[in-house]
Amino acid sequence: MASSTGLPRIRACLFDMDGLLIDSEDKYTQITNEVLQMYGKPMLPWSIKAQLQGRPQPEASKIFHEWAQLPISPEETAVKQDALREKYFPQSQTLPGVPELLANLVATRSTDHPVHIALASSSNGKNFKLKTDHLKELFTAFPQVNRVLGDDPRIEKGRGKPLPDIYLLALKTINDELRSKGETEIKPEECLVFEDAVPGVEAGRRAGMQVVWVPHPGLWDTYKDQEEEVLAGRTGAHKEDGKTESGAVGSLGDGWGQRLTSLEDFPYSRYGIQI
């Protein structure tokens, strides 16, 4: 069955977390700026912030320190950031439209056309706990087996976003369950990735999945002249290395990506999702 766009009907939705489900990306910015101010450095610009979003912490740290040129080591910076994370992450709040969207998708489980959901966040386990312990009801939408975090040992070191591994693993957690029940497995093209970050959009496209991009206004200001390149995964966040396991990016205007300003009033029918 196809959706109203002619693309395969969506049978699984795979979600990023920071800046997409909760406002923790703003907390990251606040934390980073406080550290920068300690050493008289300028505030973090979106041109750099955009490169940090969605990436595993080691890669993001390398990009940040090459730009910031702080007079302390990355290890010392991490200590200061960790203290501020414990202060600010528990203040994270749900973004508009998220509770309704997740509730509607969960409700499809009892219909003839269920939509399965999984979490695919680059956040490590410690930070995930800080950000979500006070939001446990919201995250019950994601069964424990369908949560894939950035420090998941099943993801090879150096294979974080914008490579496709985390989204392919999230889909695998769903298909493992379906297979055990003798049900038809879900193909990558039947998955819809929800992302706010440019590297995350590229990861979804490299996984062969459809993508919804919900950028922060600051990120949109940085990339508004490159919308089609972002939606196709063609902004060059990952440099080709000749390895087939990197996945293929999309084509400009191929319809596999859509930008939304928020998750309110989500267009379910566009993706063949029956609510």
# chains A, B, ... in the order shown; residues from 1 in each chain; ligands from 1

$ select_by_dssp --residues "segment 161-224 of chain A" --states "alpha helix (DSSP H)" --output "number ranges by chain"
A: 165-180, 198-206, 217-223

$ closest_atom_pairs --of "segment 124-219 of chain A" --to "segment 112-115 of chain A" --cutoff "12 Å" --atoms "only C-alpha atoms" --output "JSON lines"
{"residue": "A:Ala141", "atom": "CA", "partner": "A:Val115", "partner_atom": "CA", "distance": 11.9}
{"residue": "A:Ile174", "atom": "CA", "partner": "A:Val115", "partner_atom": "CA", "distance": 10.5}
{"residue": "A:Leu178", "atom": "CA", "partner": "A:Pro114", "partner_atom": "CA", "distance": 11.7}
{"residue": "A:Glu183", "atom": "CA", "partner": "A:Pro114", "partner_atom": "CA", "distance": 11.9}
{"residue": "A:Thr184", "atom": "CA", "partner": "A:Pro114", "partner_atom": "CA", "distance": 12.0}
{"residue": "A:Ile186", "atom": "CA", "partner": "A:Val115", "partner_atom": "CA", "distance": 10.2}
{"residue": "A:Glu190", "atom": "CA", "partner": "A:Val115", "partner_atom": "CA", "distance": 10.0}
{"residue": "A:Cys191", "atom": "CA", "partner": "A:Val115", "partner_atom": "CA", "distance": 9.3}
{"residue": "A:Leu192", "atom": "CA", "partner": "A:Val115", "partner_atom": "CA", "distance": 10.1}

$ write_last_selection --atoms "all heavy atoms" --output "compact mmCIF listing (two decimals), in the first residue's frame"
# COMPACT_ATOMS: atom_id res chain seq x y z
N ALA A 141 6.01 5.43 25.74
CA ALA A 141 5.64 5.14 24.35
C ALA A 141 6.70 4.27 23.67
O ALA A 141 6.39 3.56 22.71
CB ALA A 141 5.47 6.45 23.58
N ILE A 174 12.61 -3.61 16.10
CA ILE A 174 11.19 -3.81 15.78
C ILE A 174 11.01 -5.10 15.00
O ILE A 174 10.13 -5.92 15.30
CB ILE A 174 10.65 -2.62 14.98
CG1 ILE A 174 10.66 -1.34 15.83
CG2 ILE A 174 9.24 -2.91 14.45
CD1 ILE A 174 10.31 -0.08 15.07
N LEU A 178 8.72 -8.62 15.41
CA LEU A 178 7.76 -9.06 14.39
C LEU A 178 8.10 -10.48 13.93
O LEU A 178 7.20 -11.31 13.75
CB LEU A 178 7.77 -8.09 13.21
CG LEU A 178 7.26 -6.68 13.48
CD1 LEU A 178 7.40 -5.81 12.23
CD2 LEU A 178 5.80 -6.71 13.93
N GLU A 183 5.19 -12.29 12.01
CA GLU A 183 4.58 -11.20 11.26
C GLU A 183 5.56 -10.64 10.21
O GLU A 183 6.77 -10.85 10.30
CB GLU A 183 4.14 -10.09 12.21
CG GLU A 183 3.08 -10.54 13.22
CD GLU A 183 2.69 -9.44 14.18
OE1 GLU A 183 3.00 -8.26 13.90
OE2 GLU A 183 2.07 -9.74 15.22
N THR A 184 5.01 -9.97 9.23
CA THR A 184 5.82 -9.43 8.13
C THR A 184 6.76 -8.34 8.63
O THR A 184 6.33 -7.39 9.31
CB THR A 184 4.92 -8.84 7.03
OG1 THR A 184 4.00 -9.85 6.59
CG2 THR A 184 5.76 -8.36 5.85
N ILE A 186 9.37 -5.10 8.52
CA ILE A 186 9.25 -3.76 7.95
C ILE A 186 10.51 -3.44 7.16
O ILE A 186 11.64 -3.66 7.62
CB ILE A 186 9.03 -2.73 9.06
CG1 ILE A 186 7.70 -3.02 9.79
CG2 ILE A 186 9.03 -1.31 8.51
CD1 ILE A 186 7.50 -2.20 11.04
N GLU A 190 9.71 1.74 4.47
CA GLU A 190 8.45 1.85 5.18
C GLU A 190 8.62 2.52 6.54
O GLU A 190 7.71 2.54 7.36
CB GLU A 190 7.83 0.46 5.38
CG GLU A 190 7.47 -0.24 4.08
CD GLU A 190 7.01 -1.66 4.28
OE1 GLU A 190 7.68 -2.41 5.05
OE2 GLU A 190 6.00 -2.05 3.68
N CYS A 191 9.81 3.10 6.77
CA CYS A 191 10.11 3.78 8.02
C CYS A 191 10.16 5.29 7.81
O CYS A 191 10.63 5.77 6.77
CB CYS A 191 11.48 3.34 8.56
SG CYS A 191 11.54 1.62 9.07
N LEU A 192 9.70 6.02 8.82
CA LEU A 192 9.76 7.48 8.81
C LEU A 192 10.64 7.92 9.97
O LEU A 192 10.33 7.66 11.14
CB LEU A 192 8.36 8.09 8.94
CG LEU A 192 8.28 9.61 8.87
CD1 LEU A 192 8.80 10.12 7.52
CD2 LEU A 192 6.84 10.08 9.10

$ select_by_dssp --residues "segment 52-187 of chain A" --states "strand (DSSP E)" --output "PyMOL selection string"
chain A and resi 116-120+147-148

$ write_last_selection --atoms "N, CA, C and O atoms" --output "PDB file, in the first residue's frame"
ATOM      1  N   HIS A 116       4.686   0.966  14.358  1.00  0.00           N
ATOM      2  CA  HIS A 116       5.615   0.671  15.439  1.00  0.00           C
ATOM      3  C   HIS A 116       6.563   1.854  15.613  1.00  0.00           C
ATOM      4  O   HIS A 116       6.887   2.546  14.644  1.00  0.00           O
ATOM      5  N   ILE A 117       7.003   2.085  16.840  1.00  0.00           N
ATOM      6  CA  ILE A 117       7.904   3.213  17.068  1.00  0.00           C
ATOM      7  C   ILE A 117       9.127   2.775  17.855  1.00  0.00           C
ATOM      8  O   ILE A 117       9.090   1.821  18.638  1.00  0.00           O
ATOM      9  N   ALA A 118      10.234   3.501  17.614  1.00  0.00           N
ATOM     10  CA  ALA A 118      11.482   3.241  18.324  1.00  0.00           C
ATOM     11  C   ALA A 118      12.224   4.556  18.498  1.00  0.00           C
ATOM     12  O   ALA A 118      12.006   5.518  17.750  1.00  0.00           O
ATOM     13  N   LEU A 119      13.097   4.587  19.496  1.00  0.00           N
ATOM     14  CA  LEU A 119      13.919   5.758  19.776  1.00  0.00           C
ATOM     15  C   LEU A 119      15.334   5.499  19.282  1.00  0.00           C
ATOM     16  O   LEU A 119      15.883   4.414  19.495  1.00  0.00           O
ATOM     17  N   ALA A 120      15.933   6.497  18.627  1.00  0.00           N
ATOM     18  CA  ALA A 120      17.301   6.372  18.121  1.00  0.00           C
ATOM     19  C   ALA A 120      18.039   7.666  18.430  1.00  0.00           C
ATOM     20  O   ALA A 120      18.121   8.567  17.597  1.00  0.00           O
ATOM     21  N   ARG A 147      14.608   1.098  22.389  1.00  0.00           N
ATOM     22  CA  ARG A 147      15.378   2.308  22.650  1.00  0.00           C
ATOM     23  C   ARG A 147      16.840   2.044  22.308  1.00  0.00           C
ATOM     24  O   ARG A 147      17.463   1.149  22.874  1.00  0.00           O
ATOM     25  N   VAL A 148      17.364   2.806  21.372  1.00  0.00           N
ATOM     26  CA  VAL A 148      18.770   2.680  20.991  1.00  0.00           C
ATOM     27  C   VAL A 148      19.454   4.010  21.291  1.00  0.00           C
ATOM     28  O   VAL A 148      19.050   5.056  20.763  1.00  0.00           O
TER      29      VAL A 148
END

$ closest_residue --among "A:Ala78, A:Ile63, A:Ala170, A:Val249" --to "Ser47 of chain A" --atoms "only C-alpha atoms"
A:Ile63

$ residues_around --residues "Pro199 of chain A" --least-positions-apart "5" --cutoff "10 Å" --atoms "only C-alpha atoms" --output "ChimeraX atom specification"
/A:50-55,160-164,204-205,230,233-238

$ closest_residue --among "A:Thr111, A:Gln226, A:Thr94, A:Gln210" --to "Gln258 of chain A" --atoms "only C-alpha atoms"
A:Gln210

$ residues_around --residues "segment 79-81 of chain A" --least-positions-apart "4" --cutoff "7 Å" --atoms "only C-alpha atoms" --output "compact mmCIF listing (two decimals) with N, CA, C and O atoms, in the first residue's frame"
# COMPACT_ATOMS: atom_id res chain seq x y z
N ILE A 31 24.49 25.33 28.37
CA ILE A 31 25.65 24.76 29.06
C ILE A 31 26.95 25.17 28.37
O ILE A 31 27.92 25.60 29.00
N GLU A 75 39.13 17.12 28.41
CA GLU A 75 38.73 16.39 29.62
C GLU A 75 38.27 17.36 30.71
O GLU A 75 37.26 17.12 31.40
N ARG A 85 25.27 19.88 33.17
CA ARG A 85 24.24 18.98 32.67
C ARG A 85 23.36 18.45 33.79
O ARG A 85 22.15 18.35 33.65

$ atom_distance --atom1 "atom CA of Pro96 of chain A" --atom2 "atom CA of Gln57 of chain A"
26.3 Å

$ residues_around --residues "Thr140 of chain A" --least-positions-apart "4" --cutoff "10 Å" --atoms "only C-alpha atoms" --output "PDB file with N, CA and C atoms, in the first residue's frame"
ATOM      1  N   LEU A 102       2.853  10.996  19.753  1.00  0.00           N
ATOM      2  CA  LEU A 102       3.214   9.689  20.294  1.00  0.00           C
ATOM      3  C   LEU A 102       1.976   8.908  20.723  1.00  0.00           C
ATOM      4  N   VAL A 106       0.913   5.271  19.248  1.00  0.00           N
ATOM      5  CA  VAL A 106       0.740   4.126  20.151  1.00  0.00           C
ATOM      6  C   VAL A 106      -0.646   3.526  19.980  1.00  0.00           C
ATOM      7  N   LEU A 135      10.195  12.670  32.928  1.00  0.00           N
ATOM      8  CA  LEU A 135       9.250  12.594  31.802  1.00  0.00           C
ATOM      9  C   LEU A 135       8.939  11.133  31.468  1.00  0.00           C
ATOM     10  N   LYS A 136       8.946  10.283  32.477  1.00  0.00           N
ATOM     11  CA  LYS A 136       8.812   8.845  32.256  1.00  0.00           C
ATOM     12  C   LYS A 136       7.511   8.476  31.552  1.00  0.00           C
ATOM     13  N   GLN A 144      11.354  -0.547  26.225  1.00  0.00           N
ATOM     14  CA  GLN A 144      12.788  -0.567  26.511  1.00  0.00           C
ATOM     15  C   GLN A 144      13.577  -1.234  25.384  1.00  0.00           C
TER      16      GLN A 144
END

$ decode --residues "segment 22-40 of chain A" --atoms "N, CA and C atoms" --output "PDB file, in the first residue's frame"
ATOM      1  N   ILE A  22      12.160  16.690  23.039  1.00  0.00           N
ATOM      2  CA  ILE A  22      12.324  17.566  24.201  1.00  0.00           C
ATOM      3  C   ILE A  22      13.284  18.707  23.859  1.00  0.00           C
ATOM      4  N   ASP A  23      13.246  19.770  24.675  1.00  0.00           N
ATOM      5  CA  ASP A  23      14.026  20.976  24.373  1.00  0.00           C
ATOM      6  C   ASP A  23      15.460  20.914  24.882  1.00  0.00           C
ATOM      7  N   SER A  24      16.011  19.732  24.995  1.00  0.00           N
ATOM      8  CA  SER A  24      17.354  19.567  25.557  1.00  0.00           C
ATOM      9  C   SER A  24      18.447  20.184  24.695  1.00  0.00           C
ATOM     10  N   GLU A  25      18.190  20.396  23.402  1.00  0.00           N
ATOM     11  CA  GLU A  25      19.204  21.063  22.583  1.00  0.00           C
ATOM     12  C   GLU A  25      19.437  22.484  23.081  1.00  0.00           C
ATOM     13  N   ASP A  26      18.386  23.159  23.533  1.00  0.00           N
ATOM     14  CA  ASP A  26      18.560  24.493  24.112  1.00  0.00           C
ATOM     15  C   ASP A  26      19.373  24.425  25.393  1.00  0.00           C
ATOM     16  N   LYS A  27      19.215  23.333  26.137  1.00  0.00           N
ATOM     17  CA  LYS A  27      20.003  23.154  27.356  1.00  0.00           C
ATOM     18  C   LYS A  27      21.474  22.955  27.003  1.00  0.00           C
ATOM     19  N   TYR A  28      21.759  22.189  25.948  1.00  0.00           N
ATOM     20  CA  TYR A  28      23.137  22.016  25.493  1.00  0.00           C
ATOM     21  C   TYR A  28      23.764  23.369  25.164  1.00  0.00           C
ATOM     22  N   THR A  29      23.001  24.217  24.470  1.00  0.00           N
ATOM     23  CA  THR A  29      23.513  25.542  24.096  1.00  0.00           C
ATOM     24  C   THR A  29      23.805  26.374  25.338  1.00  0.00           C
ATOM     25  N   GLN A  30      22.895  26.354  26.291  1.00  0.00           N
ATOM     26  CA  GLN A  30      23.069  27.097  27.534  1.00  0.00           C
ATOM     27  C   GLN A  30      24.312  26.631  28.279  1.00  0.00           C
ATOM     28  N   ILE A  31      24.493  25.330  28.368  1.00  0.00           N
ATOM     29  CA  ILE A  31      25.652  24.758  29.062  1.00  0.00           C
ATOM     30  C   ILE A  31      26.951  25.168  28.368  1.00  0.00           C
ATOM     31  N   THR A  32      26.971  25.029  27.044  1.00  0.00           N
ATOM     32  CA  THR A  32      28.172  25.363  26.283  1.00  0.00           C
ATOM     33  C   THR A  32      28.518  26.830  26.417  1.00  0.00           C
ATOM     34  N   ASN A  33      27.517  27.694  26.339  1.00  0.00           N
ATOM     35  CA  ASN A  33      27.775  29.128  26.449  1.00  0.00           C
ATOM     36  C   ASN A  33      28.277  29.514  27.831  1.00  0.00           C
ATOM     37  N   GLU A  34      27.804  28.856  28.865  1.00  0.00           N
ATOM     38  CA  GLU A  34      28.299  29.156  30.209  1.00  0.00           C
ATOM     39  C   GLU A  34      29.776  28.815  30.331  1.00  0.00           C
ATOM     40  N   VAL A  35      30.185  27.705  29.743  1.00  0.00           N
ATOM     41  CA  VAL A  35      31.601  27.336  29.769  1.00  0.00           C
ATOM     42  C   VAL A  35      32.422  28.321  28.943  1.00  0.00           C
ATOM     43  N   LEU A  36      31.923  28.687  27.772  1.00  0.00           N
ATOM     44  CA  LEU A  36      32.637  29.649  26.928  1.00  0.00           C
ATOM     45  C   LEU A  36      32.822  30.988  27.642  1.00  0.00           C
ATOM     46  N   GLN A  37      31.783  31.428  28.362  1.00  0.00           N
ATOM     47  CA  GLN A  37      31.849  32.706  29.071  1.00  0.00           C
ATOM     48  C   GLN A  37      32.873  32.691  30.197  1.00  0.00           C
ATOM     49  N   MET A  38      33.134  31.510  30.765  1.00  0.00           N
ATOM     50  CA  MET A  38      34.142  31.409  31.822  1.00  0.00           C
ATOM     51  C   MET A  38      35.513  31.847  31.330  1.00  0.00           C
ATOM     52  N   TYR A  39      35.740  31.723  30.021  1.00  0.00           N
ATOM     53  CA  TYR A  39      37.056  32.022  29.446  1.00  0.00           C
ATOM     54  C   TYR A  39      37.001  33.167  28.430  1.00  0.00           C
ATOM     55  N   GLY A  40      35.945  33.961  28.517  1.00  0.00           N
ATOM     56  CA  GLY A  40      35.846  35.143  27.663  1.00  0.00           C
ATOM     57  C   GLY A  40      35.687  34.849  26.187  1.00  0.00           C
TER      58      GLY A  40
END
